[in-house]
Amino acid sequence: MREEIARLHDAMEREAYVTDRAMATAAYLAMTLHKPLLIEGHPGVGKTEVAKVLARALDAKLIRLQCYEGLDVSTALYEWNYAKQLLHIKLQEGTAATTREREAEIFSREFLLERPLLHAITQADASPVLLVDEVDRSDEEFEAFLLEVLSDHQVTIPEIGTVRATHPPHVVLTSNRTRELSEALRRRCLYLWVDYPSYEKELRIVRMKVPGIEPRLADEVVRFIQRVRTRRLSKTPGVAESLDWAQALVALGADALDTDVVDETLGCVLKDEADLRDIRSAVDKSGVDAFVAGGAA
Amino acid sequence: MSREGSVVERVIAFCRVLRERGLVVTPAESVDAVRLLEWIDLSDRIELHLALRSLLATRREDLAAFDALFAEWWRVSQQEEQRSRDRASAPKTRLGAREEAKSENAATVALSRWSSTSVVPDDDTPASLAMPSANDSRAKKDFATFDSDELGEIERLTRLIARRINARRSRRWKPARGGNSSRVDLRRTIRLSLKTGGNIVELARRERKLRRTKLVALCDVSGSMDLYSRFLLQFLYALQHAFARVETFVFSTRLVSISEILRRDEYRAALAALARSETGWSGGTKIGASIAQFATDWSRLVDRRTVVIILSDGWDTGDPTLLGDAMREIHRRAGRVLWLNPLLGSPSYKPLTRGMQAALPHVDVFAPAHNVASLAALGRHLGL
């Protein structure tokens with residue numbers, strides 16, 4: 001293994017993130033090749049966390065752009081500060097400045113409100129980590145625009161000109177696959193698929209993130225969740241749910257899972273009424289142990 | 001040949017094979033793949049695997065194929081390397097030269113076999129779906145026997161429907177002249193005010209762009225739908241041409257995407273291609289399995305701006321709960337779910353089949369689709 005990759009792996013682990021080789025390799029290459037890293041996976045498997053941990057591990061600034069339907073340039077890139085512009089025009093009244101001069105003045109950097117994308121390419125000291133979260137929730141038009149910014153690390157503002165990044169950001173994009181991303185965007189990125197973790201990995205995550213948990217309880221929680229994921233549900237629980245649940249159980253002082261405890265706290269794990277009913281009845285019928293062992297159909 | 005040089009060549013060859021196997025690997029990616037080699041430990045197989053995969057397999061569906069191809073490529077590469085080492089150390093005899101020629105040949109054979117046969121297991125598709133079922137009648141149907149008057153009428157109708165769908169407002173803005181739906185555009189207003197010394201005389205306005213709805217159509221082409229499916233297919237063809245954002249699937253015992261075929265310009269060419277493709281035309285029906293396949297494999301096509309249209313009579317030979325679950329999932333994600341049932345045109349028809357019963361709770365609009373008039377009525381359900 002390349003030493004730098006091992007070091008990045010260790011740095012991410014130190015930031016309390018359970019990392020694997022695929023992730024460390026992809027993150028390292030994204031940085032050295034200056035390509036965005038596209039992370040896809042089910043909800044709640046810790047995709048967003050990668051960017052946060054990476055920023056901490058690199059001691060870089062994290063800039064986040066949360067995508068949503070209808071996200072447009074004025075929210076993502078820049079906006080003019082209208083109030084300030086108006087005020088300035090009023091203050092300039094009576095001076096000899098020509099219209100052209102005044103225009104140049106109020107459409108200068110001073111009156112520009114930087115939104116995350118512009119902010120990310122105007123960092124003076126060091127490359128930040130730019131997290132473009134849930135890019136699948138933005139629309140195709142925005143995706144095309146994003147592609148432009150990401151491939152050139154530069155932005156053209158009609159009134160000012162082209163702003164070029166002196167320290168190109170390390171870009172992490174996440175997607176829950178609610179929409180198919182364009183081929184062009186995919187090709188521009190390195191790709192990492194984050195699956196639900198294995199039993200061993202999830203146990204490590206739970207024990208790392210919920211330090212007070214008894215080893216036995218951690219084991220039971222993870223086994224239970226792993227079992228739940230094998231069933232056909234409308235919302236399969238992610239790692240976030242395992243952690244919520246483990247935390248709730250610790251807070252309640254539970255030291256093992258039994259039918260009553262599961263019944264009371266299952267809402268941490270399952271967020272859909274039908275799923276909840278399904279799993280509850282299975283657990284009630286056979287008991288926790290048999291359910292986890294796979295006896296309950 | 002230096003070792004570095006041979007690795008570069010082999011990586012480029014690997015990229016070509018990936019491309020042949022349908023992964024999107026352009027020359028730009030090949031260049032990146034070579035560039036990437038200097039940043040990793042080439043003697044570490046896992047690292048090379050993970051690194052190349054992150055670059056060259058950029059969607060989840062490609063990962064399994066990539067893994068299989070990489071394993072094969074690694075094996076062949078190792079053999080080659082071993083041979084070139086042997087060649088370098090052993091003194092060449094005539095016999096050795098012949099052996100060498102033979103093994104070189106074997107490697108070429110292995111490579112070509114490897115690029116042409118399907119060694120890639122498709123994990124997402126159950127074995128029963130990958131094979132055509134016994135009921136699959138693959139008769140080469142002649143679709144080109146439609147009445148051309150009817151085709152024209154359907155096209156006109158479809159264009160109307162498409163215009164209706166497109167005439168929705170999006171959340172994005174564009175400059176406007178005025179009108180009820182527009183609002184003041186501060187940015188342009190301030191710019192205009194400069195002419196008048198900062199006094200706002202003229203208001204610039206902006207309005208919402210038109211919003212685009214997406215359509216996903218799933219058309220049942222099983223035997224029981226035979227009378228209607230060709231007719232509905234014309235509708236889908238016209239729809240896809242009038243309206244860019246349509247994804248079309250047909251199913252009988254399995255689901256097949258035909259968007260690409262329908263996108264071709266010439267209607268007859270599209271029909272001919274459809275006849276050639278193995279869509280299980282006029283075979284048995286497994287609605288549940290087909291819809292479930294859509295819900296798991298293609299759900300990313302569906303969001304709140306998507307109208308999902310299912311064209312089927314609901315005669316299902318499979319498990320109704322499978323259909324119900326899949327419909328629930330689709331309904332949860334979609335903006336609207338339409339089920340068009342040609343049988344609904346008959347006054348005596350009641351949707352009592354088990355499949356229909358399971359699906360109906362998850363359907364927003366249940367409507368007939370047996371003639372041009374019913375398709376005309378469809379227009380008002382399609383806008384979101």
# chains A, B, ... in the order shown; residues from 1 in each chain; ligands from 1
call {"tool": "residues_around", "arguments": {"residues": "A:Leu243", "least_positions_apart": "3", "cutoff": "12 Å", "atoms": "only C-alpha atoms", "output": "list in words"}}
result
Gly44, Val45, Gly46, Glu202, Leu203, Arg204, Ile205, Val206, Arg207, Met208, Lys209, Val210, Pro211, Ile213, Ala218, Val221, Val222, Ile225, Pro237, Gly238, Val239, Ala240, Ala246, Gln247, Ala248, Leu249, Val250, Cys268 and Val269 of chain A
call {"tool": "interface_residues", "arguments": {"of": "chain B", "to": "chain A", "cutoff": "9 Å", "atoms": "only C-alpha atoms", "output": "JSON, numbers by chain"}}
result
{"B": [24, 25, 26, 29, 32, 35, 36, 39, 40, 41, 42, 43, 44, 46, 47, 50, 51, 53, 54, 55, 56, 57, 58, 59, 60, 63, 170, 171, 172, 173, 186, 187, 190, 191, 194, 195, 196, 197, 198, 199, 299, 300, 301, 302, 303, 325, 328, 329, 333]}
call {"tool": "atom_distance", "arguments": {"atom1": "atom CA of B:Asp297", "atom2": "atom CA of B:Glu61"}}
result
9.2 Å
call {"tool": "atom_distance", "arguments": {"atom1": "atom CA of B:Arg188", "atom2": "atom CA of B:Val201"}}
result
12.1 Å
call {"tool": "residues_around", "arguments": {"residues": "A:Tyr78", "least_positions_apart": "3", "cutoff": "8 Å", "atoms": "only C-alpha atoms", "output": "compact mmCIF listing (two decimals) with C-alpha atoms, in the first residue's frame"}}
result
# COMPACT_ATOMS: atom_id res chain seq x y z
CA VAL A 73 -27.08 30.37 -9.26
CA SER A 74 -28.01 33.15 -6.85
CA THR A 75 -28.10 30.69 -3.95
CA LEU A 112 -20.86 40.76 -4.03
CA LEU A 113 -22.35 38.22 -1.65
CA GLU A 114 -20.36 35.03 -1.96
CA ARG A 115 -22.40 31.83 -1.93
CA LEU A 117 -19.40 27.73 -4.79
CA LEU A 118 -17.77 31.13 -5.19
call {"tool": "residues_around", "arguments": {"residues": "A:Leu257", "least_positions_apart": "5", "cutoff": "12 Å", "atoms": "only C-alpha atoms", "output": "compact mmCIF listing (two decimals) with N, CA and C atoms, in the first residue's frame"}}
result
# COMPACT_ATOMS: atom_id res chain seq x y z
N GLU A 214 -22.09 -1.03 26.45
CA GLU A 214 -21.57 -2.33 26.87
C GLU A 214 -21.29 -3.18 25.63
N ARG A 216 -21.70 -6.24 25.04
CA ARG A 216 -22.76 -7.19 24.73
C ARG A 216 -23.92 -6.49 24.02
N LEU A 217 -24.29 -5.32 24.53
CA LEU A 217 -25.39 -4.58 23.93
C LEU A 217 -25.03 -4.15 22.50
N ALA A 218 -23.79 -3.68 22.33
CA ALA A 218 -23.36 -3.26 21.00
C ALA A 218 -23.50 -4.42 20.02
N ASP A 219 -23.06 -5.58 20.44
CA ASP A 219 -23.14 -6.76 19.60
C ASP A 219 -24.59 -7.07 19.24
N GLU A 220 -25.46 -7.01 20.26
CA GLU A 220 -26.87 -7.34 20.00
C GLU A 220 -27.54 -6.33 19.07
N VAL A 221 -27.24 -5.06 19.30
CA VAL A 221 -27.82 -4.01 18.46
C VAL A 221 -27.43 -4.22 17.00
N VAL A 222 -26.14 -4.44 16.78
CA VAL A 222 -25.66 -4.57 15.41
C VAL A 222 -26.22 -5.83 14.75
N ARG A 223 -26.26 -6.92 15.49
CA ARG A 223 -26.85 -8.14 14.93
C ARG A 223 -28.30 -7.91 14.53
N PHE A 224 -29.03 -7.25 15.42
CA PHE A 224 -30.44 -6.99 15.17
C PHE A 224 -30.63 -6.16 13.89
N ILE A 225 -29.83 -5.08 13.81
CA ILE A 225 -29.94 -4.19 12.64
C ILE A 225 -29.58 -4.92 11.35
N TRP A 245 -30.14 4.44 17.82
CA TRP A 245 -30.73 3.39 18.65
C TRP A 245 -29.80 3.05 19.81
N ALA A 246 -28.52 2.84 19.47
CA ALA A 246 -27.55 2.50 20.51
C ALA A 246 -27.50 3.59 21.57
N LEU A 249 -30.60 3.43 23.73
CA LEU A 249 -30.56 2.29 24.65
C LEU A 249 -29.63 2.57 25.83
N VAL A 250 -28.49 3.21 25.54
CA VAL A 250 -27.56 3.55 26.61
C VAL A 250 -28.21 4.55 27.56
N LEU A 252 -31.29 4.91 28.17
CA LEU A 252 -32.34 4.25 28.94
C LEU A 252 -31.77 3.27 29.97
N VAL A 262 -37.07 -3.60 22.84
CA VAL A 262 -37.15 -3.43 21.39
C VAL A 262 -38.45 -2.73 21.03
N ASP A 263 -39.52 -3.17 21.65
CA ASP A 263 -40.83 -2.59 21.37
C ASP A 263 -40.85 -1.08 21.63
N GLU A 264 -40.25 -0.69 22.73
CA GLU A 264 -40.28 0.73 23.10
C GLU A 264 -39.40 1.61 22.22
N THR A 265 -38.29 1.03 21.76
CA THR A 265 -37.28 1.89 21.13
C THR A 265 -37.15 1.68 19.62
N LEU A 266 -37.97 0.81 19.08
CA LEU A 266 -37.79 0.47 17.66
C LEU A 266 -38.02 1.68 16.74
N VAL A 283 -40.92 -9.78 15.94
CA VAL A 283 -40.18 -9.90 17.20
C VAL A 283 -41.10 -10.44 18.30
N GLY A 287 -39.64 -13.67 19.65
CA GLY A 287 -38.63 -13.22 20.60
C GLY A 287 -37.42 -12.66 19.87
N VAL A 288 -36.64 -11.86 20.60
CA VAL A 288 -35.52 -11.17 19.97
C VAL A 288 -34.48 -12.15 19.42
N ASP A 289 -34.12 -13.15 20.23
CA ASP A 289 -33.03 -14.05 19.84
C ASP A 289 -33.37 -14.80 18.56
N PHE A 291 -35.53 -13.97 16.33
CA PHE A 291 -35.61 -13.03 15.22
C PHE A 291 -34.23 -12.77 14.63
N VAL A 292 -33.28 -12.50 15.54
CA VAL A 292 -31.92 -12.20 15.08
C VAL A 292 -31.30 -13.42 14.42
call {"tool": "residues_around", "arguments": {"residues": "B:Arg183", "least_positions_apart": "5", "cutoff": "10 Å", "atoms": "only C-alpha atoms", "output": "list in words"}}
result
Trp173, Pro175, Ala176, Gly178, Leu203, Ala204, Arg205, Arg206, Glu207 and Arg208 of chain B
call {"tool": "closest_residue", "arguments": {"among": "B:Leu37, B:Asp62, B:Thr248, B:Ile261", "to": "B:Arg19", "atoms": "only C-alpha atoms"}}
result
B:Asp62
call {"tool": "residues_around", "arguments": {"residues": "B:Glu81", "least_positions_apart": "4", "cutoff": "9 Å", "atoms": "only C-alpha atoms", "output": "list in words"}}
result
Arg3, Ser6, Val76, Ser77, Arg85 and Asp86 of chain B
call {"tool": "write_last_selection", "arguments": {"atoms": "C-alpha atoms", "output": "mmCIF file, in the first residue's frame"}}
result
data_model
loop_
_atom_site.group_PDB
_atom_site.id
_atom_site.type_symbol
_atom_site.label_atom_id
_atom_site.label_comp_id
_atom_site.auth_asym_id
_atom_site.auth_seq_id
_atom_site.Cartn_x
_atom_site.Cartn_y
_atom_site.Cartn_z
ATOM 1 C CA ARG B 3 8.055 -2.958 -16.802
ATOM 2 C CA SER B 6 4.145 -2.761 -20.186
ATOM 3 C CA VAL B 76 -3.792 -12.708 -17.787
ATOM 4 C CA SER B 77 -1.347 -9.912 -16.944
ATOM 5 C CA ARG B 85 10.515 -13.078 -17.173
ATOM 6 C CA ASP B 86 11.070 -16.654 -18.297
#
call {"tool": "select_by_dssp", "arguments": {"residues": "stretch 170-241 of chain B", "states": "alpha helix (DSSP H)", "output": "list in words"}}
result
Leu186, Arg187, Arg188, Thr189, Ile190, Arg191, Leu192, Ser193, Asp226, Leu227, Tyr228, Ser229, Arg230, Phe231, Leu232, Leu233, Gln234, Phe235, Leu236, Tyr237, Ala238, Leu239, Gln240 and His241 of chain B
call {"tool": "write_last_selection", "arguments": {"atoms": "C-alpha atoms", "output": "mmCIF file, in the first residue's frame"}}
result
data_model
loop_
_atom_site.group_PDB
_atom_site.id
_atom_site.type_symbol
_atom_site.label_atom_id
_atom_site.label_comp_id
_atom_site.auth_asym_id
_atom_site.auth_seq_id
_atom_site.Cartn_x
_atom_site.Cartn_y
_atom_site.Cartn_z
ATOM 1 C CA LEU B 186 -34.007 43.613 -8.074
ATOM 2 C CA ARG B 187 -30.742 42.991 -9.786
ATOM 3 C CA ARG B 188 -31.821 44.408 -13.113
ATOM 4 C CA THR B 189 -33.888 47.139 -11.500
ATOM 5 C CA ILE B 190 -30.882 48.549 -9.707
ATOM 6 C CA ARG B 191 -28.859 48.457 -12.852
ATOM 7 C CA LEU B 192 -31.608 50.386 -14.639
ATOM 8 C CA SER B 193 -31.849 52.903 -11.809
ATOM 9 C CA ASP B 226 -52.249 -7.954 -27.665
ATOM 10 C CA LEU B 227 -55.242 -6.063 -29.049
ATOM 11 C CA TYR B 228 -54.156 -2.838 -27.413
ATOM 12 C CA SER B 229 -50.424 -2.898 -26.959
ATOM 13 C CA ARG B 230 -49.537 -1.996 -30.537
ATOM 14 C CA PHE B 231 -51.938 0.890 -30.391
ATOM 15 C CA LEU B 232 -50.513 2.064 -27.077
ATOM 16 C CA LEU B 233 -47.037 1.704 -28.432
ATOM 17 C CA GLN B 234 -47.793 4.269 -31.101
ATOM 18 C CA PHE B 235 -48.883 6.542 -28.342
ATOM 19 C CA LEU B 236 -45.629 5.989 -26.482
ATOM 20 C CA TYR B 237 -43.620 6.512 -29.636
ATOM 21 C CA ALA B 238 -45.381 9.781 -30.375
ATOM 22 C CA LEU B 239 -45.070 10.838 -26.752
ATOM 23 C CA GLN B 240 -41.384 10.216 -26.725
ATOM 24 C CA HIS B 241 -40.919 12.323 -29.822
#
call {"tool": "atom_distance", "arguments": {"atom1": "atom CA of B:Val250", "atom2": "atom CA of B:Gly335"}}
result
20.9 Å
call {"tool": "residues_around", "arguments": {"residues": "B:Leu18", "least_positions_apart": "2", "cutoff": "10 Å", "atoms": "only C-alpha atoms", "output": "PyMOL selection string"}}
result
chain B and resi 12-16+20-26+56-57+62+65-66+69-70+115
call {"tool": "decode", "arguments": {"residues": "stretch 116-181 of chain A", "atoms": "C-alpha atoms", "output": "JSON list (two decimals), in the first residue's frame"}}
result
[["chain", "number", "residue", "atom", "x", "y", "z"],
["A", 116, "PRO", "CA", -20.74, 28.43, -1.29],
["A", 117, "LEU", "CA", -19.40, 27.73, -4.79],
["A", 118, "LEU", "CA", -17.77, 31.13, -5.19],
["A", 119, "HIS", "CA", -16.56, 30.98, -1.62],
["A", 120, "ALA", "CA", -14.90, 27.65, -2.36],
["A", 121, "ILE", "CA", -12.85, 28.98, -5.26],
["A", 122, "THR", "CA", -11.82, 32.26, -3.66],
["A", 123, "GLN", "CA", -9.93, 30.84, -0.69],
["A", 124, "ALA", "CA", -6.65, 32.68, -0.43],
["A", 125, "ASP", "CA", -4.60, 30.43, 1.85],
["A", 126, "ALA", "CA", -5.35, 26.77, 1.27],
["A", 127, "SER", "CA", -7.63, 24.42, -0.62],
["A", 128, "PRO", "CA", -10.91, 23.95, 1.23],
["A", 129, "VAL", "CA", -13.10, 20.84, 1.10],
["A", 130, "LEU", "CA", -16.26, 21.63, -0.86],
["A", 131, "LEU", "CA", -19.16, 19.35, -0.01],
["A", 132, "VAL", "CA", -21.94, 19.35, -2.60],
["A", 133, "ASP", "CA", -24.50, 17.43, -0.62],
["A", 134, "GLU", "CA", -27.33, 15.41, -2.21],
["A", 135, "VAL", "CA", -26.54, 16.57, -5.70],
["A", 136, "ASP", "CA", -29.31, 14.29, -6.98],
["A", 137, "ARG", "CA", -31.87, 16.65, -5.48],
["A", 138, "SER", "CA", -30.84, 19.55, -7.69],
["A", 139, "ASP", "CA", -32.11, 19.61, -11.25],
["A", 140, "GLU", "CA", -30.32, 18.84, -14.51],
["A", 141, "GLU", "CA", -29.73, 22.49, -15.36],
["A", 142, "PHE", "CA", -27.91, 23.04, -12.11],
["A", 143, "GLU", "CA", -25.90, 19.88, -12.59],
["A", 144, "ALA", "CA", -24.66, 21.17, -15.95],
["A", 145, "PHE", "CA", -23.69, 24.45, -14.36],
["A", 146, "LEU", "CA", -21.93, 22.69, -11.52],
["A", 147, "LEU", "CA", -19.97, 20.65, -14.01],
["A", 148, "GLU", "CA", -18.64, 23.84, -15.55],
["A", 149, "VAL", "CA", -17.44, 25.20, -12.24],
["A", 150, "LEU", "CA", -15.91, 21.90, -11.19],
["A", 151, "SER", "CA", -13.99, 21.22, -14.35],
["A", 152, "ASP", "CA", -12.36, 24.63, -14.68],
["A", 153, "HIS", "CA", -12.34, 25.81, -11.07],
["A", 154, "GLN", "CA", -13.37, 29.16, -12.37],
["A", 155, "VAL", "CA", -16.50, 31.23, -12.58],
["A", 156, "THR", "CA", -17.44, 34.07, -14.83],
["A", 157, "ILE", "CA", -19.44, 36.91, -13.35],
["A", 158, "PRO", "CA", -20.62, 39.19, -16.15],
["A", 159, "GLU", "CA", -20.00, 42.42, -14.24],
["A", 160, "ILE", "CA", -16.61, 41.49, -12.85],
["A", 161, "GLY", "CA", -15.00, 38.96, -15.11],
["A", 162, "THR", "CA", -13.56, 35.53, -14.53],
["A", 163, "VAL", "CA", -12.68, 34.46, -11.03],
["A", 164, "ARG", "CA", -10.09, 31.71, -11.04],
["A", 165, "ALA", "CA", -9.26, 29.57, -8.04],
["A", 166, "THR", "CA", -5.76, 29.91, -6.68],
["A", 167, "HIS", "CA", -6.37, 26.94, -4.40],
["A", 168, "PRO", "CA", -8.78, 24.57, -6.15],
["A", 169, "PRO", "CA", -11.13, 22.97, -3.62],
["A", 170, "HIS", "CA", -11.22, 19.25, -2.89],
["A", 171, "VAL", "CA", -14.74, 18.46, -4.02],
["A", 172, "VAL", "CA", -16.94, 15.76, -2.52],
["A", 173, "LEU", "CA", -20.36, 15.15, -4.05],
["A", 174, "THR", "CA", -22.92, 12.90, -2.42],
["A", 175, "SER", "CA", -25.99, 11.33, -3.97],
["A", 176, "ASN", "CA", -28.79, 9.14, -2.68],
["A", 177, "ARG", "CA", -29.60, 8.09, -6.23],
["A", 178, "THR", "CA", -33.10, 9.53, -6.24],
["A", 179, "ARG", "CA", -32.25, 10.69, -9.73],
["A", 180, "GLU", "CA", -29.77, 9.40, -12.27],
["A", 181, "LEU", "CA", -26.85, 11.81, -12.57]]
